[in-house]
Amino acid sequence: MYALVILPLAVEGTFTYGVPEALSRSVSPGSRVLVSFGKKRIYSAIVQSISSVPPVGFTPKHIMEVLDDEPLVTRVQLQLWEWMASYYMCTPGEVMRAALPSGLRPESESRVRINASFEDNGELDRHERLLLEVVRDQGEVNLGDLETAGIASNTLTILKRLVEKGAIEINEFVRSTVRRKLVPYIVLPEANSSEAHMHQILDQLSRAPRQREILERYLHLAGFGKNEDPPHLPKADLLIQPGDSGALSALIKKGLLVQVEREELDLHHGADALQGEMFSLNGEQSAALGEIRKQFLRHQAVLLHGVTSSGKTELYVHLIKEMLDQGRQVLYLLPEIALTTQIIERMRLVFGNQVGVYHSRYSDSERVHVYRNLMGLTDEGRYRLIIGVRSAIFLPYTSLGLIIIDEEHETTFKQHDPAPRYHARDSAQILALYQDARVLLGTATPSFESLHNARTGKFGFAAIPNRYGNVEPPEIIIADTRVATKRKQMISHFTPQLMEGIREALEAGEQVILFQNRRGYSNYLVCNDCGHIPKCRRCDVSLTFHRHSGKMECHYCGHREAMPRSCSSCEGTNLAMRGFGTEKVEDEISLVFEGIRVGRLDTDIARSARGYEKVIRDFAAGKMEVLIGTQMLSKGLDFENVSLVGVLDADSMLHFPDFRAFERSFQLITQVSGRAGRRKKQGKVIIQTMDPGHPVIQHILNNDYEGLYQEQMEERRIFGYPPFKRMIRITFRHRIPSILDGATDLAGKELKKVFSSRVYGPQYPPVRKVHDTFIKQIILKIEREASYERARELLKGILDGISGNEVYKSIRISVDVDPY
């Protein structure tokens with residue numbers, strides 16, 4: 001037998017390995033196996049298929065070990081991987097790396113140790129001797145640690161000489177990346193579980209009152225006498241006073257209690273929820289639910305266009321229950337980790353512990369647990385409703401019936417780097433096709449692609465046109481910052497209309513959200529004498545000042561440096577901050593309205609899921625009056641006491657160099673506006689802009705999404721943008737501009753020979769250098785009716801030719817299909 005396996009590497013195709021007789025019954029498609037690749041490295045691989053035909057021209061290595069009793073990857077997953085690698089022009093190994101938690105991809109690491117039989121007879125130079133001493137002191141050292149330790153500039157070269165001289169050995173060690181967090185638990189031994197025996201034990205402990213108190217505490221918390229099997233209690237629950245630890249240790253030593261260690265998984269965010277009641281639907285929700293059911297009979301995917309605060313989530317709950325009652329699974333996709341908090345709480349109230357959560361803020365151990373649970377490899381029952389972000393489409397579903405994509409217009413469903421550069425919305429439809437499932441795309445502001453698909457009959461369509469409870473949509477007020485500035489009416493970054501609106505809301509005991517889609521304190525620093533603007537050393541962007549760190553920071557590579565005291569160009573000291581971010585708004589609103597409690601929500605605050613959750617819960621509980629944030633605020637959050645939303649700078653979104661800038665500006669402002677007045681009282685939205693007559697501002701003012709859609713679709717049809725044409729972006733990266741220019745010029749010429757006028761570029765993007773690497777791009781626009789498979793084949797041939805060119809082999813080339 002021979003196995004074709006997928007390795008977690010950016011290498012084309014599969015690799016053939018022999019299957020030893022002893023493992024022949026254990027290996028099947030989807031099995032996880034250990035294989036040797038290259039000279040020494042060991043990787044975990046996934047078996048794609050089995051063959052009895054021996055490979056031609058070489059003798060394959062053998063599989064070293066099968067890691068699981070049953071295949072860990074399903075047939076449907078392998079189908080999805082294959083489609084994704086083909087459509088998005090990447091390798092199966094890159095898809096595998098994205099699909100499996102790193103804890104399920106153990107691989108070897110190189111470890112360096114002394115050769116015990118080696119004797120130094122003066123043949124080592126001082127650099128070799130120094131490195132040898134480091135290894136001898138450590139006993140055994142990871143090769144990666146030696147490289148980063150900075151012992152020498154050419155560590156690998158010195159190590160190679162030491163290996164040749166027999167001084168050291170480098171061996172491979174397979175490591176697991178799962179770091180399990182073990183927590184001590186206390187349990188009562190079965191021998192002590194009878195009540196009569198327990199009374200005797202307590203009597204014997206009369207002279208050890210602290211030990212008796214600990215034991216009685218355990219019996220009380222465990223419900224002794226009520227449960228057949230004594231439960232395991234966290235050790236920390238029994239330790240209340242100083243000295244309790246010693247008393248508990250004495251009880252364990254006597255065998256009266258037993259300590260065991262269990263893996264702690266933070267999968268429930270608190271106590272287990274009980275299954276609860278669903279809310280009833282109103283007339284419009286019920287009509288939309290009926291229409292969705294009807295559309296699902298004719299279409300695999302249905303677009304639900306429900307205005308903000310129309311109650312889409314409650315409609316989802318009813319659809320989920322229908323699927324779970326049929327014994328099917330449901331995947332609920334969200335655009336942001338941040339949004340999961342409120343949704344998880346709502347779903348657990350209804351579906352209890354049938355709910356599983358999967359996203360990157362969980363530890364690797366927790367992600368592995370969710371994956372294995374869906375395979376039926378954990379003690380508790382399988383999750384039947386998975387809430388997650390885009391990576392959740394890779395989980396091993398066995399009976400998927402429905403995929404809900406909430407806020408389907410959001411750009412975060414698209415993976416940009418690294419490969420696979422997939423869109424979860426589109427990939428979910430392929431997954432649904434393989435699983436015979438249905439897809440519901442819900443939003444208040446549909447992406448133009450999805451709306452076009454609904455209008456052309458590819459998707460079904462349903463709508464909820466009004467807010468729940470007939471609450472009026474928020475009143476939109478346009479505040480002209482240019483006029484206010486000329487009249488000297490601006491207070492900091494606030495127009496008179498916004499100042500008055502905030503004052504009225506605070507006096508009424510209501511809450512305010514202020515939206516500024518830029519984090520940090522000031523956008524950039526400028527010298528008023530010579531006009532110099534400090535830039536990142538490694539990227540072609542200005543540095544942003546962050547007050548919390550007191551540093552100038554690059555938002556592309558993370559570089560930080562101290563705030564300069566003088567201009568690096570002219571040495572003048574007349575430096576000024578320009579632009580403003582969320583930190584500055586937070587500072588200045590506190591100065592204008594003294595004594596108010598202000599919170600901030602951006603990626604600086606929400607680096608951890610817990611940091612985000614704390615801000616959201618505190619604001620929902622009324623512990624702050626004003627919340628300032630970036631686009632994280634726009635993503636489906638529900639606050640009942642918010643009456644005012646202020647958009648501080650609408651212009652920054654409107655003038656972004658992207659063909660979807662108008663669409664995304666409307667979506668973002670409408671979504672953040674939807675946070676106002678979500679219960680009984682009509683809310684208010686104040687949009688600050690220097691161009692009140694801008695078409696997008698006027699469409700927002702008139703709530704005219706249809707008008708914007710018609711205008712933009714006509715422009716896209718004329719100029720050949722999606723959805724009328726397929727777009728592919730090829731990105732070239734190199735540290736030397738001249739080599740980059742040569743490669744892209746050659747690529748452009750070769751592409752134009754084949755694709756003619758469909759080729760645009762090469763050209764530099766707005767940010768031409770990131771991480772000391774220069775970037776150029778070529779865009780391909782291909783007709784929808786043309787064969788994408790043929791276009792992909794031709795493109796791959798040209799790019800392989802560039803990569804194989806001796807001069808340009810160091811160029812990094814990446815392909816992004818549907819890069820929007």
# chains A, B, ... in the order shown; residues from 1 in each chain; ligands from 1
>>> select_by_dssp(residues="region 683-722 of chain A", states="helix (DSSP H, G or I)", output="mmCIF file with N, CA, C and O atoms, in the first residue's frame")
data_model
loop_
_atom_site.group_PDB
_atom_site.id
_atom_site.type_symbol
_atom_site.label_atom_id
_atom_site.label_comp_id
_atom_site.auth_asym_id
_atom_site.auth_seq_id
_atom_site.Cartn_x
_atom_site.Cartn_y
_atom_site.Cartn_z
ATOM 1 N N PRO A 695 -22.442 62.499 -2.459
ATOM 2 C CA PRO A 695 -23.531 61.559 -2.776
ATOM 3 C C PRO A 695 -23.780 60.516 -1.689
ATOM 4 O O PRO A 695 -24.938 60.202 -1.386
ATOM 5 N N VAL A 696 -22.731 59.964 -1.109
ATOM 6 C CA VAL A 696 -22.918 58.934 -0.078
ATOM 7 C C VAL A 696 -23.588 59.529 1.165
ATOM 8 O O VAL A 696 -24.495 58.922 1.753
ATOM 9 N N ILE A 697 -23.176 60.731 1.558
ATOM 10 C CA ILE A 697 -23.796 61.386 2.723
ATOM 11 C C ILE A 697 -25.278 61.620 2.459
ATOM 12 O O ILE A 697 -26.129 61.403 3.324
ATOM 13 N N GLN A 698 -25.606 62.023 1.241
ATOM 14 C CA GLN A 698 -27.007 62.255 0.910
ATOM 15 C C GLN A 698 -27.806 60.948 0.897
ATOM 16 O O GLN A 698 -28.957 60.902 1.343
ATOM 17 N N HIS A 699 -27.210 59.884 0.399
ATOM 18 C CA HIS A 699 -27.898 58.582 0.432
ATOM 19 C C HIS A 699 -28.124 58.120 1.868
ATOM 20 O O HIS A 699 -29.174 57.545 2.179
ATOM 21 N N ILE A 700 -27.146 58.365 2.745
ATOM 22 C CA ILE A 700 -27.312 57.997 4.160
ATOM 23 C C ILE A 700 -28.422 58.827 4.780
ATOM 24 O O ILE A 700 -29.276 58.307 5.515
ATOM 25 N N LEU A 701 -28.430 60.126 4.497
ATOM 26 C CA LEU A 701 -29.440 61.027 5.049
ATOM 27 C C LEU A 701 -30.842 60.579 4.646
ATOM 28 O O LEU A 701 -31.786 60.641 5.444
ATOM 29 N N TYR A 705 -30.305 53.130 0.349
ATOM 30 C CA TYR A 705 -29.292 52.138 -0.034
ATOM 31 C C TYR A 705 -29.501 51.683 -1.466
ATOM 32 O O TYR A 705 -28.551 51.433 -2.205
ATOM 33 N N GLU A 706 -30.762 51.598 -1.863
ATOM 34 C CA GLU A 706 -31.077 51.160 -3.223
ATOM 35 C C GLU A 706 -30.511 52.127 -4.253
ATOM 36 O O GLU A 706 -29.954 51.708 -5.280
ATOM 37 N N GLY A 707 -30.620 53.432 -3.980
ATOM 38 C CA GLY A 707 -30.093 54.429 -4.910
ATOM 39 C C GLY A 707 -28.586 54.314 -5.058
ATOM 40 O O GLY A 707 -28.052 54.386 -6.178
ATOM 41 N N LEU A 708 -27.885 54.135 -3.938
ATOM 42 C CA LEU A 708 -26.426 53.968 -3.991
ATOM 43 C C LEU A 708 -26.069 52.696 -4.755
ATOM 44 O O LEU A 708 -25.130 52.692 -5.569
ATOM 45 N N TYR A 709 -26.818 51.622 -4.495
ATOM 46 C CA TYR A 709 -26.576 50.342 -5.174
ATOM 47 C C TYR A 709 -26.683 50.506 -6.690
ATOM 48 O O TYR A 709 -25.799 50.057 -7.443
ATOM 49 N N GLN A 710 -27.729 51.160 -7.154
ATOM 50 C CA GLN A 710 -27.934 51.324 -8.596
ATOM 51 C C GLN A 710 -26.813 52.156 -9.216
ATOM 52 O O GLN A 710 -26.282 51.815 -10.281
ATOM 53 N N GLU A 711 -26.408 53.241 -8.552
ATOM 54 C CA GLU A 711 -25.337 54.089 -9.072
ATOM 55 C C GLU A 711 -24.019 53.322 -9.160
ATOM 56 O O GLU A 711 -23.309 53.365 -10.181
ATOM 57 N N GLN A 712 -23.684 52.636 -8.075
ATOM 58 C CA GLN A 712 -22.399 51.941 -8.022
ATOM 59 C C GLN A 712 -22.354 50.756 -8.981
ATOM 60 O O GLN A 712 -21.314 50.490 -9.596
ATOM 61 N N MET A 713 -23.454 50.036 -9.112
ATOM 62 C CA MET A 713 -23.465 48.883 -10.017
ATOM 63 C C MET A 713 -23.305 49.326 -11.469
ATOM 64 O O MET A 713 -22.662 48.651 -12.276
ATOM 65 N N GLU A 714 -23.858 50.479 -11.817
ATOM 66 C CA GLU A 714 -23.690 50.986 -13.176
ATOM 67 C C GLU A 714 -22.227 51.344 -13.422
ATOM 68 O O GLU A 714 -21.662 51.035 -14.486
ATOM 69 N N GLU A 715 -21.578 51.981 -12.428
ATOM 70 C CA GLU A 715 -20.149 52.308 -12.563
ATOM 71 C C GLU A 715 -19.307 51.041 -12.689
ATOM 72 O O GLU A 715 -18.381 50.971 -13.500
ATOM 73 N N ARG A 716 -19.602 50.051 -11.885
ATOM 74 C CA ARG A 716 -18.815 48.811 -11.910
ATOM 75 C C ARG A 716 -19.008 48.065 -13.229
ATOM 76 O O ARG A 716 -18.086 47.423 -13.737
ATOM 77 N N ARG A 717 -20.217 48.130 -13.763
ATOM 78 C CA ARG A 717 -20.452 47.484 -15.058
ATOM 79 C C ARG A 717 -19.628 48.165 -16.153
ATOM 80 O O ARG A 717 -18.997 47.509 -16.989
ATOM 81 N N ILE A 718 -19.596 49.508 -16.133
ATOM 82 C CA ILE A 718 -18.874 50.261 -17.155
ATOM 83 C C ILE A 718 -17.368 50.017 -17.059
ATOM 84 O O ILE A 718 -16.688 49.800 -18.070
ATOM 85 N N PHE A 719 -16.839 50.017 -15.826
ATOM 86 C CA PHE A 719 -15.388 49.935 -15.643
ATOM 87 C C PHE A 719 -14.888 48.507 -15.338
ATOM 88 O O PHE A 719 -13.700 48.318 -15.112
#
>>> residues_around(residues="region 796-798 of chain A", least_positions_apart="5", cutoff="12 Å", atoms="only C-alpha atoms", output="list in words")
Glu12, Ser86, Tyr87, Tyr88, Met89, Cys90, Ile730, Ala743, Thr744, Leu746, Ala747, Gly748, Lys749, Glu750, Leu751, Lys752, Lys753, Val754, Phe755, Tyr788, Glu789, Arg790, Ala791, Ser803, Gly804, Asn805, Ile813, Ser814 and Val815 of chain A
>>> closest_residue(among="A:Ile477, A:Val35, A:Ala250, A:Leu374", to="Ala208 (chain A)", atoms="only C-alpha atoms")
A:Ala250
>>> residues_around(residues="region 648-653 of chain A", least_positions_apart="6", cutoff="6 Å", atoms="only C-alpha atoms", output="list of chain:residue names")
A:Gln516, A:Ser665, A:Gln688, A:Thr689
>>> write_last_selection(atoms="all heavy atoms", output="PDB file, in the first residue's frame")
ATOM      1  N   GLN A 516     -14.850  56.911  15.758  1.00  0.00           N
ATOM      2  CA  GLN A 516     -13.705  57.462  15.015  1.00  0.00           C
ATOM      3  C   GLN A 516     -12.882  56.285  14.544  1.00  0.00           C
ATOM      4  O   GLN A 516     -12.298  55.557  15.341  1.00  0.00           O
ATOM      5  CB  GLN A 516     -12.878  58.388  15.909  1.00  0.00           C
ATOM      6  CG  GLN A 516     -11.533  58.815  15.333  1.00  0.00           C
ATOM      7  CD  GLN A 516     -11.639  59.598  14.022  1.00  0.00           C
ATOM      8  OE1 GLN A 516     -12.724  59.933  13.576  1.00  0.00           O
ATOM      9  NE2 GLN A 516     -10.523  59.881  13.408  1.00  0.00           N
ATOM     10  N   SER A 665     -18.390  52.784   3.135  1.00  0.00           N
ATOM     11  CA  SER A 665     -18.694  53.954   3.969  1.00  0.00           C
ATOM     12  C   SER A 665     -20.160  53.941   4.375  1.00  0.00           C
ATOM     13  O   SER A 665     -20.493  54.174   5.541  1.00  0.00           O
ATOM     14  CB  SER A 665     -18.377  55.246   3.210  1.00  0.00           C
ATOM     15  OG  SER A 665     -17.006  55.335   2.923  1.00  0.00           O
ATOM     16  N   GLN A 688     -20.480  64.110  11.274  1.00  0.00           N
ATOM     17  CA  GLN A 688     -19.652  65.280  10.993  1.00  0.00           C
ATOM     18  C   GLN A 688     -18.898  65.075   9.679  1.00  0.00           C
ATOM     19  O   GLN A 688     -18.233  64.056   9.486  1.00  0.00           O
ATOM     20  CB  GLN A 688     -18.662  65.517  12.142  1.00  0.00           C
ATOM     21  CG  GLN A 688     -19.340  65.851  13.455  1.00  0.00           C
ATOM     22  CD  GLN A 688     -18.370  66.282  14.541  1.00  0.00           C
ATOM     23  OE1 GLN A 688     -18.765  66.892  15.519  1.00  0.00           O
ATOM     24  NE2 GLN A 688     -17.090  65.957  14.412  1.00  0.00           N
ATOM     25  N   THR A 689     -19.000  66.059   8.782  1.00  0.00           N
ATOM     26  CA  THR A 689     -18.341  65.964   7.486  1.00  0.00           C
ATOM     27  C   THR A 689     -18.043  67.364   6.955  1.00  0.00           C
ATOM     28  O   THR A 689     -18.752  68.324   7.285  1.00  0.00           O
ATOM     29  CB  THR A 689     -19.220  65.208   6.461  1.00  0.00           C
ATOM     30  OG1 THR A 689     -18.605  65.257   5.181  1.00  0.00           O
ATOM     31  CG2 THR A 689     -20.606  65.807   6.368  1.00  0.00           C
TER      32      THR A 689
END
>>> residues_around(residues="Glu625 (chain A)", least_positions_apart="4", cutoff="8 Å", atoms="only C-alpha atoms", output="PyMOL selection string")
chain A and resi 506+510-512+596-598+619
>>> select_by_dssp(residues="region 506-598 of chain A", states="strand (DSSP E)", output="list in words")
Gln511, Val512, Ile513, Leu514, Phe515, Tyr524, Leu525, Val526, Cys527, Thr544, Phe545, His546, Lys551, Met552, Glu553, Arg560, Glu561, Ala562, Leu575, Ala576, Met577, Arg578 and Val598 of chain A
>>> residues_around(residues="Tyr764 (chain A)", least_positions_apart="4", cutoff="8 Å", atoms="only C-alpha atoms", output="NGL selection string")
:A and (768 or 775-777)
>>> residues_around(residues="Gly579 (chain A)", least_positions_apart="4", cutoff="10 Å", atoms="only C-alpha atoms", output="list in words")
His493, Arg518, Tyr521, Ser522, Asn523, Tyr524, Leu525, Thr544 and Lys584 of chain A
>>> write_last_selection(atoms="N, CA and C atoms", output="CSV table (one decimal), in the first residue's frame")
chain,number,residue,atom,x,y,z
A,493,HIS,N,-12.8,68.5,18.6
A,493,HIS,CA,-13.2,67.9,17.3
A,493,HIS,C,-14.7,67.8,17.3
A,518,ARG,N,-10.1,55.4,13.6
A,518,ARG,CA,-8.6,55.5,13.7
A,518,ARG,C,-8.2,55.4,15.1
A,521,TYR,N,-3.5,58.3,19.2
A,521,TYR,CA,-3.8,59.7,19.7
A,521,TYR,C,-3.8,60.7,18.6
A,522,SER,N,-2.7,60.8,17.8
A,522,SER,CA,-2.7,61.6,16.6
A,522,SER,C,-2.2,60.8,15.5
A,523,ASN,N,-2.7,61.1,14.3
A,523,ASN,CA,-2.3,60.3,13.1
A,523,ASN,C,-0.9,60.4,12.7
A,524,TYR,N,-0.3,61.6,12.8
A,524,TYR,CA,1.1,61.8,12.5
A,524,TYR,C,1.6,63.1,13.1
A,525,LEU,N,3.0,63.2,13.1
A,525,LEU,CA,3.7,64.4,13.6
A,525,LEU,C,4.3,65.1,12.4
A,544,THR,N,2.2,56.8,14.0
A,544,THR,CA,1.1,57.3,14.8
A,544,THR,C,1.5,57.4,16.3
A,584,LYS,N,-7.3,60.4,21.6
A,584,LYS,CA,-7.4,61.8,21.7
A,584,LYS,C,-8.9,62.2,22.0
